[in-house]
file target03.txt (compact mmCIF, N, CA and C atoms)
# COMPACT_ATOMS: atom_id res chain seq x y z
N MET M 1 117.70 65.32 111.59
CA MET M 1 116.77 65.94 112.51
C MET M 1 117.16 67.41 112.69
N ARG M 2 116.18 68.24 112.77
CA ARG M 2 116.41 69.67 112.90
C ARG M 2 116.83 70.04 114.32
N LYS M 3 117.84 70.88 114.43
CA LYS M 3 118.35 71.31 115.73
C LYS M 3 117.35 72.23 116.42
N LYS M 4 117.13 71.99 117.70
CA LYS M 4 116.24 72.85 118.49
C LYS M 4 116.90 74.20 118.71
N ARG M 5 116.13 75.25 118.60
CA ARG M 5 116.64 76.59 118.87
C ARG M 5 115.57 77.33 119.67
N PRO M 6 115.98 78.32 120.44
CA PRO M 6 115.00 79.05 121.24
C PRO M 6 114.07 79.86 120.35
N LEU M 7 112.87 80.07 120.85
CA LEU M 7 111.92 80.90 120.11
C LEU M 7 112.44 82.32 120.02
N PRO M 8 112.22 82.98 118.88
CA PRO M 8 112.65 84.38 118.79
C PRO M 8 111.81 85.24 119.71
N SER M 9 112.32 86.42 120.00
CA SER M 9 111.57 87.32 120.88
C SER M 9 110.26 87.74 120.22
N ARG M 10 110.25 87.74 118.88
CA ARG M 10 109.03 88.11 118.16
C ARG M 10 109.10 87.57 116.73
N TYR M 11 108.03 86.93 116.29
CA TYR M 11 107.93 86.50 114.90
C TYR M 11 107.58 87.71 114.05
N LEU M 12 107.97 87.66 112.77
CA LEU M 12 107.76 88.78 111.87
C LEU M 12 106.43 88.66 111.13
N THR M 13 105.79 89.78 110.92
CA THR M 13 104.58 89.84 110.10
C THR M 13 104.99 90.07 108.65
N PRO M 14 104.07 89.91 107.70
CA PRO M 14 104.40 90.24 106.31
C PRO M 14 104.84 91.71 106.15
N VAL M 15 104.25 92.61 106.93
CA VAL M 15 104.64 94.02 106.88
C VAL M 15 106.09 94.18 107.36
N ASP M 16 106.44 93.46 108.43
CA ASP M 16 107.82 93.50 108.93
C ASP M 16 108.81 93.04 107.86
N VAL M 17 108.48 91.93 107.20
CA VAL M 17 109.37 91.37 106.18
C VAL M 17 109.49 92.36 105.01
N ALA M 18 108.37 92.94 104.60
CA ALA M 18 108.39 93.90 103.50
C ALA M 18 109.25 95.12 103.87
N ASP M 19 109.08 95.63 105.08
CA ASP M 19 109.89 96.77 105.52
C ASP M 19 111.36 96.42 105.59
N LEU M 20 111.67 95.25 106.10
CA LEU M 20 113.05 94.79 106.23
C LEU M 20 113.74 94.72 104.87
N LEU M 21 113.02 94.23 103.87
CA LEU M 21 113.60 94.01 102.55
C LEU M 21 113.35 95.18 101.58
N GLY M 22 112.54 96.13 101.99
CA GLY M 22 112.27 97.29 101.14
C GLY M 22 111.43 96.96 99.92
N VAL M 23 110.45 96.08 100.10
CA VAL M 23 109.55 95.70 99.01
C VAL M 23 108.11 95.93 99.45
N PRO M 24 107.17 96.02 98.50
CA PRO M 24 105.76 96.13 98.88
C PRO M 24 105.27 94.87 99.59
N VAL M 25 104.30 95.02 100.47
CA VAL M 25 103.74 93.87 101.20
C VAL M 25 103.18 92.85 100.23
N GLU M 26 102.56 93.31 99.16
CA GLU M 26 101.99 92.37 98.18
C GLU M 26 103.06 91.46 97.59
N THR M 27 104.29 91.94 97.48
CA THR M 27 105.39 91.12 96.97
C THR M 27 105.64 89.94 97.90
N VAL M 28 105.58 90.19 99.20
CA VAL M 28 105.78 89.11 100.18
C VAL M 28 104.70 88.04 100.00
N TYR M 29 103.45 88.47 99.81
CA TYR M 29 102.36 87.52 99.58
C TYR M 29 102.52 86.79 98.25
N GLN M 30 103.00 87.46 97.21
CA GLN M 30 103.24 86.81 95.92
C GLN M 30 104.32 85.74 96.05
N TRP M 31 105.41 86.07 96.77
CA TRP M 31 106.45 85.08 97.00
C TRP M 31 105.87 83.84 97.66
N ARG M 32 105.01 84.06 98.63
CA ARG M 32 104.40 82.93 99.35
C ARG M 32 103.55 82.08 98.40
N ARG M 33 102.73 82.73 97.60
CA ARG M 33 101.87 82.00 96.66
C ARG M 33 102.69 81.21 95.66
N LYS M 34 103.80 81.79 95.22
CA LYS M 34 104.67 81.12 94.23
C LYS M 34 105.64 80.13 94.86
N GLY M 35 105.76 80.17 96.18
CA GLY M 35 106.68 79.26 96.87
C GLY M 35 108.14 79.67 96.72
N THR M 36 108.39 80.97 96.48
CA THR M 36 109.75 81.42 96.25
C THR M 36 110.31 82.28 97.38
N GLY M 37 109.49 82.63 98.34
CA GLY M 37 109.93 83.52 99.42
C GLY M 37 110.37 82.76 100.66
N PRO M 38 110.60 83.50 101.74
CA PRO M 38 111.00 82.85 102.99
C PRO M 38 109.86 81.98 103.52
N ARG M 39 110.24 80.95 104.25
CA ARG M 39 109.24 80.05 104.81
C ARG M 39 108.43 80.77 105.87
N GLY M 40 107.12 80.69 105.76
CA GLY M 40 106.23 81.29 106.74
C GLY M 40 105.28 80.26 107.30
N PHE M 41 104.51 80.65 108.28
CA PHE M 41 103.54 79.73 108.88
C PHE M 41 102.33 80.53 109.33
N ARG M 42 101.23 79.84 109.49
CA ARG M 42 99.99 80.47 109.90
C ARG M 42 99.74 80.26 111.39
N VAL M 43 99.29 81.33 112.03
CA VAL M 43 98.79 81.27 113.39
C VAL M 43 97.34 81.72 113.25
N GLY M 44 96.44 80.73 113.17
CA GLY M 44 95.06 81.06 112.83
C GLY M 44 95.04 81.62 111.42
N ARG M 45 94.55 82.83 111.26
CA ARG M 45 94.51 83.44 109.93
C ARG M 45 95.69 84.38 109.68
N HIS M 46 96.59 84.47 110.63
CA HIS M 46 97.72 85.40 110.55
C HIS M 46 98.98 84.70 110.05
N LEU M 47 99.66 85.34 109.12
CA LEU M 47 100.89 84.82 108.56
C LEU M 47 102.07 85.38 109.36
N ARG M 48 102.99 84.50 109.73
CA ARG M 48 104.18 84.92 110.49
C ARG M 48 105.42 84.26 109.91
N PHE M 49 106.57 84.90 110.17
CA PHE M 49 107.85 84.42 109.68
C PHE M 49 108.83 84.39 110.85
N ASP M 50 109.63 83.33 110.91
CA ASP M 50 110.69 83.24 111.89
C ASP M 50 111.86 84.09 111.37
N PRO M 51 112.39 85.01 112.16
CA PRO M 51 113.50 85.85 111.69
C PRO M 51 114.69 85.04 111.16
N GLU M 52 114.97 83.90 111.77
CA GLU M 52 116.09 83.07 111.30
C GLU M 52 115.81 82.47 109.93
N ASP M 53 114.55 82.11 109.67
CA ASP M 53 114.19 81.59 108.34
C ASP M 53 114.32 82.67 107.29
N VAL M 54 113.94 83.90 107.62
CA VAL M 54 114.09 85.01 106.69
C VAL M 54 115.56 85.26 106.42
N ARG M 55 116.38 85.24 107.46
CA ARG M 55 117.83 85.44 107.30
C ARG M 55 118.43 84.34 106.41
N ALA M 56 118.04 83.10 106.64
CA ALA M 56 118.56 81.98 105.83
C ALA M 56 118.14 82.13 104.38
N TRP M 57 116.92 82.57 104.13
CA TRP M 57 116.43 82.77 102.77
C TRP M 57 117.23 83.86 102.06
N VAL M 58 117.45 84.98 102.74
CA VAL M 58 118.24 86.07 102.16
C VAL M 58 119.66 85.59 101.88
N THR M 59 120.25 84.86 102.82
CA THR M 59 121.60 84.32 102.62
C THR M 59 121.66 83.43 101.39
N SER M 60 120.64 82.58 101.20
CA SER M 60 120.63 81.70 100.04
C SER M 60 120.54 82.50 98.74
N LEU M 61 119.80 83.61 98.75
CA LEU M 61 119.72 84.46 97.57
C LEU M 61 121.08 85.09 97.27
N MET M 62 121.74 85.54 98.32
CA MET M 62 123.05 86.18 98.14
C MET M 62 124.08 85.18 97.62
N GLU M 63 124.04 83.96 98.14
CA GLU M 63 124.98 82.93 97.69
C GLU M 63 124.69 82.53 96.24
N GLY M 64 123.42 82.52 95.87
CA GLY M 64 123.04 82.17 94.50
C GLY M 64 123.43 83.25 93.50
N ALA M 65 123.60 84.47 93.97
CA ALA M 65 123.95 85.58 93.08
C ALA M 65 125.43 85.65 92.76
N THR M 66 126.23 84.88 93.51
CA THR M 66 127.69 84.93 93.28
C THR M 66 128.13 83.86 92.31
call {"tool": "encode", "arguments": {"input": "target03.txt", "output": "structure tokens"}}
result
Amino acid sequence: MRKKRPLPSRYLTPVDVADLLGVPVETVYQWRRKGTGPRGFRVGRHLRFDPEDVRAWVTSLMEGAT
């Protein structure tokens, strides 16, 4: 069972994720379509990312590179 954690102060938009990682916004959408990027979720028609999920995804990439 997944551990409960408090909601972040703000969920990230695709633009936020792109800025954080220094990639084009379209790359974030391509990752989503291919199922290779950080886990995101929809709020109506808006895509959002939990900062902790983005951090975990980046950590997994870094661990895979070693």
call {"tool": "closest_residue", "arguments": {"input": "target03.txt", "among": "M:Val43, M:Asp19, M:Glu63, M:Pro14", "to": "Trp31 of chain M", "atoms": "only C-alpha atoms"}}
result
M:Pro14
call {"tool": "residues_around", "arguments": {"input": "target03.txt", "residues": "Asp53 of chain M", "least_positions_apart": "6", "cutoff": "10 Å", "atoms": "only C-alpha atoms", "output": "tab-separated table (two decimals) with N, CA and C atoms, in the coordinates of the input"}}
result
chain	number	residue	atom	x	y	z
M	38	PRO	N	110.60	83.50	101.74
M	38	PRO	CA	111.00	82.85	102.99
M	38	PRO	C	109.86	81.98	103.52
M	39	ARG	N	110.24	80.95	104.25
M	39	ARG	CA	109.24	80.05	104.81
M	39	ARG	C	108.43	80.77	105.87
M	40	GLY	N	107.12	80.69	105.76
M	40	GLY	CA	106.23	81.29	106.74
M	40	GLY	C	105.28	80.26	107.30
M	59	THR	N	120.25	84.86	102.82
M	59	THR	CA	121.60	84.32	102.62
M	59	THR	C	121.66	83.43	101.39
call {"tool": "select_by_dssp", "arguments": {"input": "target03.txt", "residues": "segment 15-65 of chain M", "states": "helix (DSSP H, G or I)", "output": "ChimeraX atom specification"}}
result
/M:15-21,25-34,51-64
call {"tool": "atom_distance", "arguments": {"input": "target03.txt", "atom1": "atom N of Ser9 of chain M", "atom2": "atom N of Gly35 of chain M"}}
result
25.5 Å
call {"tool": "atom_distance", "arguments": {"input": "target03.txt", "atom1": "atom N of Thr36 of chain M", "atom2": "atom CA of Tyr11 of chain M"}}
result
19.2 Å
call {"tool": "residues_around", "arguments": {"input": "target03.txt", "residues": "Val28 of chain M", "least_positions_apart": "6", "cutoff": "7 Å", "atoms": "all atoms listed in the file", "output": "PyMOL selection string"}}
result
chain M and resi 14+17-18+37
call {"tool": "write_last_selection", "arguments": {"input": "target03.txt", "atoms": "N, CA and C atoms", "output": "PDB file, in the frame of the given file"}}
result
ATOM      1  N   PRO M  14     104.070  89.910 107.700  1.00  0.00           N
ATOM      2  CA  PRO M  14     104.400  90.240 106.310  1.00  0.00           C
ATOM      3  C   PRO M  14     104.840  91.710 106.150  1.00  0.00           C
ATOM      4  N   VAL M  17     108.480  91.930 107.200  1.00  0.00           N
ATOM      5  CA  VAL M  17     109.370  91.370 106.180  1.00  0.00           C
ATOM      6  C   VAL M  17     109.490  92.360 105.010  1.00  0.00           C
ATOM      7  N   ALA M  18     108.370  92.940 104.600  1.00  0.00           N
ATOM      8  CA  ALA M  18     108.390  93.900 103.500  1.00  0.00           C
ATOM      9  C   ALA M  18     109.250  95.120 103.870  1.00  0.00           C
ATOM     10  N   GLY M  37     109.490  82.630  98.340  1.00  0.00           N
ATOM     11  CA  GLY M  37     109.930  83.520  99.420  1.00  0.00           C
ATOM     12  C   GLY M  37     110.370  82.760 100.660  1.00  0.00           C
TER      13      GLY M  37
END
call {"tool": "atom_distance", "arguments": {"input": "target03.txt", "atom1": "atom CA of Val58 of chain M", "atom2": "atom CA of Gly44 of chain M"}}
result
26.0 Å
call {"tool": "closest_residue", "arguments": {"input": "target03.txt", "among": "M:Pro8, M:Leu21, M:Lys34, M:Glu26", "to": "Glu52 of chain M", "atoms": "only N, CA and C atoms"}}
result
M:Pro8
call {"tool": "select_by_dssp", "arguments": {"input": "target03.txt", "residues": "chain M", "states": "strand (DSSP E or B)", "output": "count of residues only"}}
result
9
